[in-house]
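Chemist: Please find one structure pasted underneath; my questions will follow.
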Amino acid sequence: MNSLLKKSGGYFDAYFNAKNVRRVELLILRVAVFAFLFHLLIIFLGNNFIYFKNLQHSYLKAIYTPFSFILFYEVFLLVIIISKSISEFIGKQFEVITLITLRSFFHDIADLDLKNSININNPEFISLLYDLLAALIMLGLTILYYKIYQNNRKSEIVNELTNFINIKKLVSLGMILILLLLSIGSFFVWGTEMVEALKSKQNYPDPNTVFYTDFFSIMIFIDVLLLIISFIYHFSFFTIFRNASFIITTILIRMSLTIEKPMNYIIILIGFLFSIISFYLYSLRNTNNKSVE
């Protein structure tokens, strides 16, 4: 078992070092630029040629496309971070759901009539305000979370044993494979629904319900798995509570992806606050213990 963990740790370090991660980043950014230009071309054809009238839309819709690829890269980083720190892993989840919220704004603003519909009584305009306000609050809470994490980071790294780190690297490798398979399957499903939407002139399918709901469902079980495995190396009521609060946050994030606004943002913010308060109390206890020693 130890040899398997060492091998998996070695593979992870070899393939997902900073240099290779940078290569993936550049590849995704190039694809994002190409997708952005391609989407603009499709909208241009739809707006100017009768044959492509089913593709007619606001040019603002194209902003949504490159942002989706950037968001996918953030999810890729989220999977890699599993091996570093559970606390940092949760912080990256905060970042991902905040970016999903911003992407919702880019998605929704293209459907808004900027000339006639901007008034406080318009549900679509109110929806945009929800996106912006929620994103700002999430950004603030994410910054606050990372401040608490930085104060507690050193002791957390010291307490983690080599075997547990290698286990997390093995889990991370498995999640990368799942991410690739899930991405391919979700893209196929989304593409099929997209074709049907264009034929029937219905609204575009929401990628959040195609990919991110499945991804965060899997992440819930990964969180639980890591929590149970961590008991082998360090069993503490306070650590259990902290990690359990992280799992609760992941569950709430998953729930929010299938709930309408503004309730989805309320649920996300409750999850953020629960993790932040739990983590702060946990770090406060560690600080008090050090002062006593």
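FYI, nothing fancy with the structure tokens labels: chains A, B, ... in order, residues from 1 per chain, ligands from 1 as they appear.
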Using 10 Å as the limit and counting only C-alpha atoms, can you tabulate each residue of segment 76-189 of chain A that touches segment 268-282 of chain A, with its shortest atom-to-atom distance in Å and the two atoms involved, as JSON lines?
Modeler:
```
{"residue": "A:Ser87", "atom": "CA", "partner": "A:Phe279", "partner_atom": "CA", "distance": 8.7}
{"residue": "A:Ile90", "atom": "CA", "partner": "A:Ser275", "partner_atom": "CA", "distance": 8.7}
{"residue": "A:Gly91", "atom": "CA", "partner": "A:Phe272", "partner_atom": "CA", "distance": 9.6}
{"residue": "A:Gln93", "atom": "CA", "partner": "A:Phe272", "partner_atom": "CA", "distance": 9.9}
{"residue": "A:Phe94", "atom": "CA", "partner": "A:Phe272", "partner_atom": "CA", "distance": 7.5}
{"residue": "A:Ile97", "atom": "CA", "partner": "A:Ile268", "partner_atom": "CA", "distance": 8.4}
{"residue": "A:Thr98", "atom": "CA", "partner": "A:Ile268", "partner_atom": "CA", "distance": 9.5}
{"residue": "A:Ala134", "atom": "CA", "partner": "A:Leu269", "partner_atom": "CA", "distance": 8.2}
{"residue": "A:Ile137", "atom": "CA", "partner": "A:Leu269", "partner_atom": "CA", "distance": 8.1}
{"residue": "A:Met138", "atom": "CA", "partner": "A:Leu269", "partner_atom": "CA", "distance": 7.1}
{"residue": "A:Leu141", "atom": "CA", "partner": "A:Phe272", "partner_atom": "CA", "distance": 7.0}
{"residue": "A:Thr142", "atom": "CA", "partner": "A:Phe272", "partner_atom": "CA", "distance": 8.0}
{"residue": "A:Leu144", "atom": "CA", "partner": "A:Ile276", "partner_atom": "CA", "distance": 7.8}
{"residue": "A:Tyr145", "atom": "CA", "partner": "A:Ile276", "partner_atom": "CA", "distance": 5.7}
{"residue": "A:Tyr146", "atom": "CA", "partner": "A:Ile276", "partner_atom": "CA", "distance": 9.3}
{"residue": "A:Lys147", "atom": "CA", "partner": "A:Tyr280", "partner_atom": "CA", "distance": 9.8}
{"residue": "A:Ile148", "atom": "CA", "partner": "A:Tyr280", "partner_atom": "CA", "distance": 6.3}
{"residue": "A:Tyr149", "atom": "CA", "partner": "A:Phe279", "partner_atom": "CA", "distance": 8.0}
{"residue": "A:Asn151", "atom": "CA", "partner": "A:Tyr280", "partner_atom": "CA", "distance": 9.8}
{"residue": "A:Asn152", "atom": "CA", "partner": "A:Tyr282", "partner_atom": "CA", "distance": 9.1}
```
Chemist: With N, CA and C atoms kept, could you save the residues just selected as a PDB file, in the first residue's frame?
Modeler:
```
ATOM      1  N   SER A  87      -8.224  22.847   3.556  1.00  0.00           N
ATOM      2  CA  SER A  87      -8.681  24.220   3.764  1.00  0.00           C
ATOM      3  C   SER A  87      -8.513  25.053   2.502  1.00  0.00           C
ATOM      4  N   ILE A  90     -11.170  24.140  -0.050  1.00  0.00           N
ATOM      5  CA  ILE A  90     -12.458  24.794   0.177  1.00  0.00           C
ATOM      6  C   ILE A  90     -12.408  26.242  -0.310  1.00  0.00           C
ATOM      7  N   GLY A  91     -11.283  26.912  -0.081  1.00  0.00           N
ATOM      8  CA  GLY A  91     -11.129  28.275  -0.571  1.00  0.00           C
ATOM      9  C   GLY A  91     -11.261  28.349  -2.088  1.00  0.00           C
ATOM     10  N   GLN A  93     -13.017  26.292  -3.861  1.00  0.00           N
ATOM     11  CA  GLN A  93     -14.448  26.121  -4.139  1.00  0.00           C
ATOM     12  C   GLN A  93     -15.171  27.463  -4.055  1.00  0.00           C
ATOM     13  N   PHE A  94     -14.787  28.267  -3.062  1.00  0.00           N
ATOM     14  CA  PHE A  94     -15.355  29.616  -2.949  1.00  0.00           C
ATOM     15  C   PHE A  94     -15.102  30.406  -4.241  1.00  0.00           C
ATOM     16  N   ILE A  97     -17.355  29.039  -7.265  1.00  0.00           N
ATOM     17  CA  ILE A  97     -18.772  29.404  -7.218  1.00  0.00           C
ATOM     18  C   ILE A  97     -18.943  30.913  -7.410  1.00  0.00           C
ATOM     19  N   THR A  98     -17.953  31.715  -6.994  1.00  0.00           N
ATOM     20  CA  THR A  98     -17.996  33.160  -7.235  1.00  0.00           C
ATOM     21  C   THR A  98     -17.885  33.458  -8.729  1.00  0.00           C
ATOM     22  N   ALA A 134     -24.356  39.500  -5.202  1.00  0.00           N
ATOM     23  CA  ALA A 134     -23.896  38.222  -4.651  1.00  0.00           C
ATOM     24  C   ALA A 134     -22.412  38.004  -4.926  1.00  0.00           C
ATOM     25  N   ILE A 137     -20.300  40.143  -2.500  1.00  0.00           N
ATOM     26  CA  ILE A 137     -20.307  39.584  -1.144  1.00  0.00           C
ATOM     27  C   ILE A 137     -19.455  38.320  -1.086  1.00  0.00           C
ATOM     28  N   MET A 138     -19.563  37.464  -2.102  1.00  0.00           N
ATOM     29  CA  MET A 138     -18.751  36.244  -2.156  1.00  0.00           C
ATOM     30  C   MET A 138     -17.264  36.574  -2.220  1.00  0.00           C
ATOM     31  N   LEU A 141     -16.153  37.604   1.257  1.00  0.00           N
ATOM     32  CA  LEU A 141     -16.084  36.456   2.158  1.00  0.00           C
ATOM     33  C   LEU A 141     -14.907  35.541   1.803  1.00  0.00           C
ATOM     34  N   THR A 142     -14.601  35.430   0.514  1.00  0.00           N
ATOM     35  CA  THR A 142     -13.451  34.615   0.084  1.00  0.00           C
ATOM     36  C   THR A 142     -12.145  35.225   0.578  1.00  0.00           C
ATOM     37  N   LEU A 144     -11.814  37.141   3.209  1.00  0.00           N
ATOM     38  CA  LEU A 144     -11.815  36.926   4.656  1.00  0.00           C
ATOM     39  C   LEU A 144     -11.398  35.505   4.992  1.00  0.00           C
ATOM     40  N   TYR A 145     -11.904  34.536   4.231  1.00  0.00           N
ATOM     41  CA  TYR A 145     -11.551  33.131   4.463  1.00  0.00           C
ATOM     42  C   TYR A 145     -10.043  32.909   4.296  1.00  0.00           C
ATOM     43  N   TYR A 146      -9.481  33.471   3.225  1.00  0.00           N
ATOM     44  CA  TYR A 146      -8.053  33.271   2.973  1.00  0.00           C
ATOM     45  C   TYR A 146      -7.179  33.951   4.026  1.00  0.00           C
ATOM     46  N   LYS A 147      -7.656  35.042   4.590  1.00  0.00           N
ATOM     47  CA  LYS A 147      -6.909  35.679   5.684  1.00  0.00           C
ATOM     48  C   LYS A 147      -6.832  34.750   6.890  1.00  0.00           C
ATOM     49  N   ILE A 148      -7.950  34.128   7.209  1.00  0.00           N
ATOM     50  CA  ILE A 148      -7.974  33.164   8.320  1.00  0.00           C
ATOM     51  C   ILE A 148      -7.088  31.970   7.991  1.00  0.00           C
ATOM     52  N   TYR A 149      -7.137  31.521   6.738  1.00  0.00           N
ATOM     53  CA  TYR A 149      -6.329  30.373   6.320  1.00  0.00           C
ATOM     54  C   TYR A 149      -4.840  30.669   6.413  1.00  0.00           C
ATOM     55  N   ASN A 151      -3.317  32.659   8.406  1.00  0.00           N
ATOM     56  CA  ASN A 151      -2.912  32.676   9.819  1.00  0.00           C
ATOM     57  C   ASN A 151      -2.781  31.277  10.396  1.00  0.00           C
ATOM     58  N   ASN A 152      -3.475  30.301   9.785  1.00  0.00           N
ATOM     59  CA  ASN A 152      -3.497  28.944  10.321  1.00  0.00           C
ATOM     60  C   ASN A 152      -2.718  27.967   9.447  1.00  0.00           C
TER      61      ASN A 152
END
```
Chemist: Using only C-alpha atoms, which residues sit within 7 Å of Leu78 of chain A once same-chain residues fewer than 2 positions away are excluded, as number ranges by chain?
Modeler: A: 74-76, 80-82, 89, 92-93
Chemist: So which residues touch segment 58-66 of chain A within 10 Å, counting only C-alpha atoms, skipping near sequence neighbours fewer than 6 positions away, as an NGL selection string?
Modeler: :A and (28-44 or 46-47 or 72 or 102-113)
Chemist: Next, write the just-selected residues to a file, as a compact mmCIF listing (two decimals), in the first residue's frame, keeping N, CA and C atoms as the atom set.
Modeler:
```
# COMPACT_ATOMS: atom_id res chain seq x y z
N ILE A 28 -5.71 26.33 -22.44
CA ILE A 28 -7.11 26.69 -22.21
C ILE A 28 -7.36 28.14 -22.61
N LEU A 29 -6.40 29.03 -22.34
CA LEU A 29 -6.56 30.44 -22.72
C LEU A 29 -6.61 30.60 -24.24
N ARG A 30 -5.78 29.83 -24.96
CA ARG A 30 -5.82 29.88 -26.43
C ARG A 30 -7.17 29.39 -26.95
N VAL A 31 -7.65 28.29 -26.36
CA VAL A 31 -8.96 27.77 -26.76
C VAL A 31 -10.05 28.79 -26.45
N ALA A 32 -9.92 29.47 -25.32
CA ALA A 32 -10.92 30.48 -24.92
C ALA A 32 -10.96 31.62 -25.94
N VAL A 33 -9.79 32.07 -26.41
CA VAL A 33 -9.74 33.14 -27.40
C VAL A 33 -10.38 32.69 -28.71
N PHE A 34 -10.04 31.47 -29.14
CA PHE A 34 -10.63 30.94 -30.37
C PHE A 34 -12.14 30.79 -30.24
N ALA A 35 -12.61 30.27 -29.11
CA ALA A 35 -14.04 30.09 -28.89
C ALA A 35 -14.78 31.43 -28.87
N PHE A 36 -14.14 32.44 -28.28
CA PHE A 36 -14.73 33.78 -28.23
C PHE A 36 -14.93 34.34 -29.65
N LEU A 37 -13.88 34.24 -30.47
CA LEU A 37 -13.96 34.75 -31.85
C LEU A 37 -14.96 33.94 -32.67
N PHE A 38 -14.97 32.63 -32.45
CA PHE A 38 -15.90 31.76 -33.18
C PHE A 38 -17.35 32.07 -32.81
N HIS A 39 -17.58 32.32 -31.53
CA HIS A 39 -18.93 32.65 -31.08
C HIS A 39 -19.38 34.00 -31.67
N LEU A 40 -18.46 34.97 -31.70
CA LEU A 40 -18.78 36.25 -32.33
C LEU A 40 -19.14 36.08 -33.81
N LEU A 41 -18.43 35.20 -34.48
CA LEU A 41 -18.70 34.92 -35.89
C LEU A 41 -20.09 34.31 -36.07
N ILE A 42 -20.43 33.37 -35.20
CA ILE A 42 -21.75 32.72 -35.28
C ILE A 42 -22.86 33.75 -35.08
N ILE A 43 -22.68 34.64 -34.09
CA ILE A 43 -23.70 35.66 -33.83
C ILE A 43 -23.79 36.64 -35.01
N PHE A 44 -22.64 36.96 -35.60
CA PHE A 44 -22.63 37.84 -36.77
C PHE A 44 -23.43 37.22 -37.92
N GLY A 46 -25.78 34.98 -37.65
CA GLY A 46 -27.18 34.93 -37.26
C GLY A 46 -27.88 36.28 -37.37
N ASN A 47 -27.14 37.36 -37.12
CA ASN A 47 -27.74 38.70 -37.14
C ASN A 47 -27.80 39.31 -38.54
N PHE A 72 -13.53 26.60 -16.27
CA PHE A 72 -13.10 25.19 -16.32
C PHE A 72 -11.68 25.05 -15.81
N LEU A 102 -20.45 35.30 -11.46
CA LEU A 102 -20.10 36.33 -12.44
C LEU A 102 -20.48 35.90 -13.85
N ARG A 103 -20.26 34.63 -14.15
CA ARG A 103 -20.61 34.12 -15.48
C ARG A 103 -22.11 34.21 -15.72
N SER A 104 -22.90 34.05 -14.67
CA SER A 104 -24.35 34.18 -14.79
C SER A 104 -24.73 35.57 -15.27
N PHE A 105 -23.97 36.57 -14.79
CA PHE A 105 -24.23 37.94 -15.24
C PHE A 105 -24.00 38.07 -16.74
N PHE A 106 -22.88 37.54 -17.23
CA PHE A 106 -22.59 37.61 -18.66
C PHE A 106 -23.63 36.86 -19.49
N HIS A 107 -24.15 35.77 -18.91
CA HIS A 107 -25.17 34.98 -19.60
C HIS A 107 -26.49 35.74 -19.67
N ASP A 108 -26.86 36.38 -18.56
CA ASP A 108 -28.19 37.01 -18.46
C ASP A 108 -28.26 38.37 -19.13
N ILE A 109 -27.15 39.12 -19.13
CA ILE A 109 -27.21 40.48 -19.67
C ILE A 109 -27.46 40.48 -21.18
N ALA A 110 -27.07 39.39 -21.86
CA ALA A 110 -27.30 39.30 -23.30
C ALA A 110 -28.79 39.16 -23.62
N ASP A 111 -29.58 38.72 -22.66
CA ASP A 111 -31.02 38.56 -22.87
C ASP A 111 -31.81 39.80 -22.48
N LEU A 112 -31.11 40.82 -21.99
CA LEU A 112 -31.78 42.04 -21.51
C LEU A 112 -31.83 43.08 -22.62
N ASP A 113 -33.00 43.66 -22.82
CA ASP A 113 -33.14 44.75 -23.77
C ASP A 113 -32.62 46.03 -23.11
```
Chemist: Which residues, written as number ranges by chain, have at least one atom at most 9 Å from segment 224-241 of chain A, with only C-alpha atoms counted and residues fewer than 4 positions away on the same chain left out?
Modeler: A: 86, 159-161, 164, 167-168, 171, 219-220, 245-247, 278, 282, 285
Chemist: Any chance you can output those residues with N, CA and C atoms as a PDB file, in the first residue's frame?
Modeler:
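Here's the written file part-v3.pdb:
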```
ATOM      1  N   ILE A  86      -6.830  20.670   2.601  1.00  0.00           N
ATOM      2  CA  ILE A  86      -8.286  20.637   2.562  1.00  0.00           C
ATOM      3  C   ILE A  86      -8.852  22.045   2.717  1.00  0.00           C
ATOM      4  N   ASN A 159       1.220  19.483  10.514  1.00  0.00           N
ATOM      5  CA  ASN A 159       0.489  18.363  11.090  1.00  0.00           C
ATOM      6  C   ASN A 159       0.168  17.255  10.090  1.00  0.00           C
ATOM      7  N   GLU A 160       0.300  17.519   8.786  1.00  0.00           N
ATOM      8  CA  GLU A 160      -0.049  16.518   7.787  1.00  0.00           C
ATOM      9  C   GLU A 160       1.142  15.587   7.547  1.00  0.00           C
ATOM     10  N   LEU A 161       0.860  14.261   7.600  1.00  0.00           N
ATOM     11  CA  LEU A 161       1.875  13.251   7.391  1.00  0.00           C
ATOM     12  C   LEU A 161       2.044  12.953   5.912  1.00  0.00           C
ATOM     13  N   PHE A 164      -0.637  10.661   4.255  1.00  0.00           N
ATOM     14  CA  PHE A 164      -1.923  11.316   4.014  1.00  0.00           C
ATOM     15  C   PHE A 164      -1.829  12.244   2.798  1.00  0.00           C
ATOM     16  N   ILE A 167      -2.032  10.055  -0.190  1.00  0.00           N
ATOM     17  CA  ILE A 167      -3.420   9.613  -0.390  1.00  0.00           C
ATOM     18  C   ILE A 167      -4.205  10.702  -1.114  1.00  0.00           C
ATOM     19  N   LYS A 168      -4.005  11.943  -0.700  1.00  0.00           N
ATOM     20  CA  LYS A 168      -4.707  13.050  -1.343  1.00  0.00           C
ATOM     21  C   LYS A 168      -4.257  13.222  -2.796  1.00  0.00           C
ATOM     22  N   VAL A 171      -6.113  10.591  -4.711  1.00  0.00           N
ATOM     23  CA  VAL A 171      -7.494  11.050  -4.901  1.00  0.00           C
ATOM     24  C   VAL A 171      -7.547  12.118  -5.985  1.00  0.00           C
ATOM     25  N   MET A 219     -17.827  15.977  -5.569  1.00  0.00           N
ATOM     26  CA  MET A 219     -16.953  16.615  -4.598  1.00  0.00           C
ATOM     27  C   MET A 219     -17.441  16.399  -3.163  1.00  0.00           C
ATOM     28  N   ILE A 220     -18.747  16.275  -2.979  1.00  0.00           N
ATOM     29  CA  ILE A 220     -19.290  16.007  -1.638  1.00  0.00           C
ATOM     30  C   ILE A 220     -18.728  14.701  -1.100  1.00  0.00           C
ATOM     31  N   SER A 245     -17.879  21.084   8.564  1.00  0.00           N
ATOM     32  CA  SER A 245     -18.437  22.366   8.096  1.00  0.00           C
ATOM     33  C   SER A 245     -18.081  22.599   6.633  1.00  0.00           C
ATOM     34  N   PHE A 246     -16.885  22.135   6.216  1.00  0.00           N
ATOM     35  CA  PHE A 246     -16.503  22.243   4.815  1.00  0.00           C
ATOM     36  C   PHE A 246     -17.419  21.387   3.936  1.00  0.00           C
ATOM     37  N   ILE A 247     -17.734  20.183   4.423  1.00  0.00           N
ATOM     38  CA  ILE A 247     -18.618  19.289   3.671  1.00  0.00           C
ATOM     39  C   ILE A 247     -20.004  19.915   3.532  1.00  0.00           C
ATOM     40  N   SER A 278     -16.729  28.654  11.378  1.00  0.00           N
ATOM     41  CA  SER A 278     -16.173  27.416  11.938  1.00  0.00           C
ATOM     42  C   SER A 278     -14.653  27.421  11.866  1.00  0.00           C
ATOM     43  N   TYR A 282     -11.971  27.513  14.934  1.00  0.00           N
ATOM     44  CA  TYR A 282     -10.954  26.453  14.973  1.00  0.00           C
ATOM     45  C   TYR A 282      -9.554  27.056  15.082  1.00  0.00           C
ATOM     46  N   ARG A 285      -8.925  28.587  18.489  1.00  0.00           N
ATOM     47  CA  ARG A 285      -8.589  27.576  19.499  1.00  0.00           C
ATOM     48  C   ARG A 285      -7.122  27.181  19.388  1.00  0.00           C
TER      49      ARG A 285
END
```
Chemist: Would you mind listing what lies within 12 Å of Lys7 of chain A as a list in words, with only C-alpha atoms counted and same-chain residues fewer than 3 positions away left out?
Modeler: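 Everything that qualifies: Met1, Asn2, Ser3, Leu4, Gly10, Tyr11, Phe12, Asp13, Ala14, Asn163, Asn166, Ile167, Lys169, Leu170 and Leu173 of chain A.
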Chemist: Quick one: distance from atom CA of Arg23 of chain A to atom CA of Asp223 of chain A in Å, one decimal?
Modeler: 28.0 Å
Chemist: Out of A:Ile70, A:Ala135, A:Ile178, A:Ile165, which residue has the shortest atom-to-atom distance to Ser8 of chain A when counting only C-alpha atoms?
Modeler: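 Smallest distance to Ser8 of chain A is found for A:Ile165.
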Chemist: What residues in segment 72-288 of chain A get the DSSP label alpha helix (DSSP H)? Please answer as a PyMOL selection string.
Modeler: chain A and resi 72-81+86-109+123-159+162-200+207+213-233+237-256+263-288
Chemist: I'd like to know which of A:Ile218, A:Ile100, A:Arg254, A:Phe16 is closest to Met175 of chain A, using only C-alpha atoms.
Modeler: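 For Met175 of chain A, the nearest of the candidates is A:Ile218.
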Chemist: Please measure the separation of atom CA of Ile253 of chain A and atom CA of Asp131 of chain A, giving the value in Å to one decimal.
Modeler: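 Separating atom CA of Ile253 of chain A from atom CA of Asp131 of chain A is a distance of 15.3 Å.
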Chemist: Out of A:Leu45, A:Leu128, A:Leu99, A:Ile184, which residue has the shortest atom-to-atom distance to His57 of chain A when counting only C-alpha atoms?
Modeler: A:Leu45
Chemist: Could you check which of A:Ser127, A:Gly9, A:Ala18, A:Leu27 is closest to Glu260 of chain A, using only C-alpha atoms?
Modeler: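 Counting only C-alpha atoms, the residue closest to Glu260 of chain A is A:Ser127.
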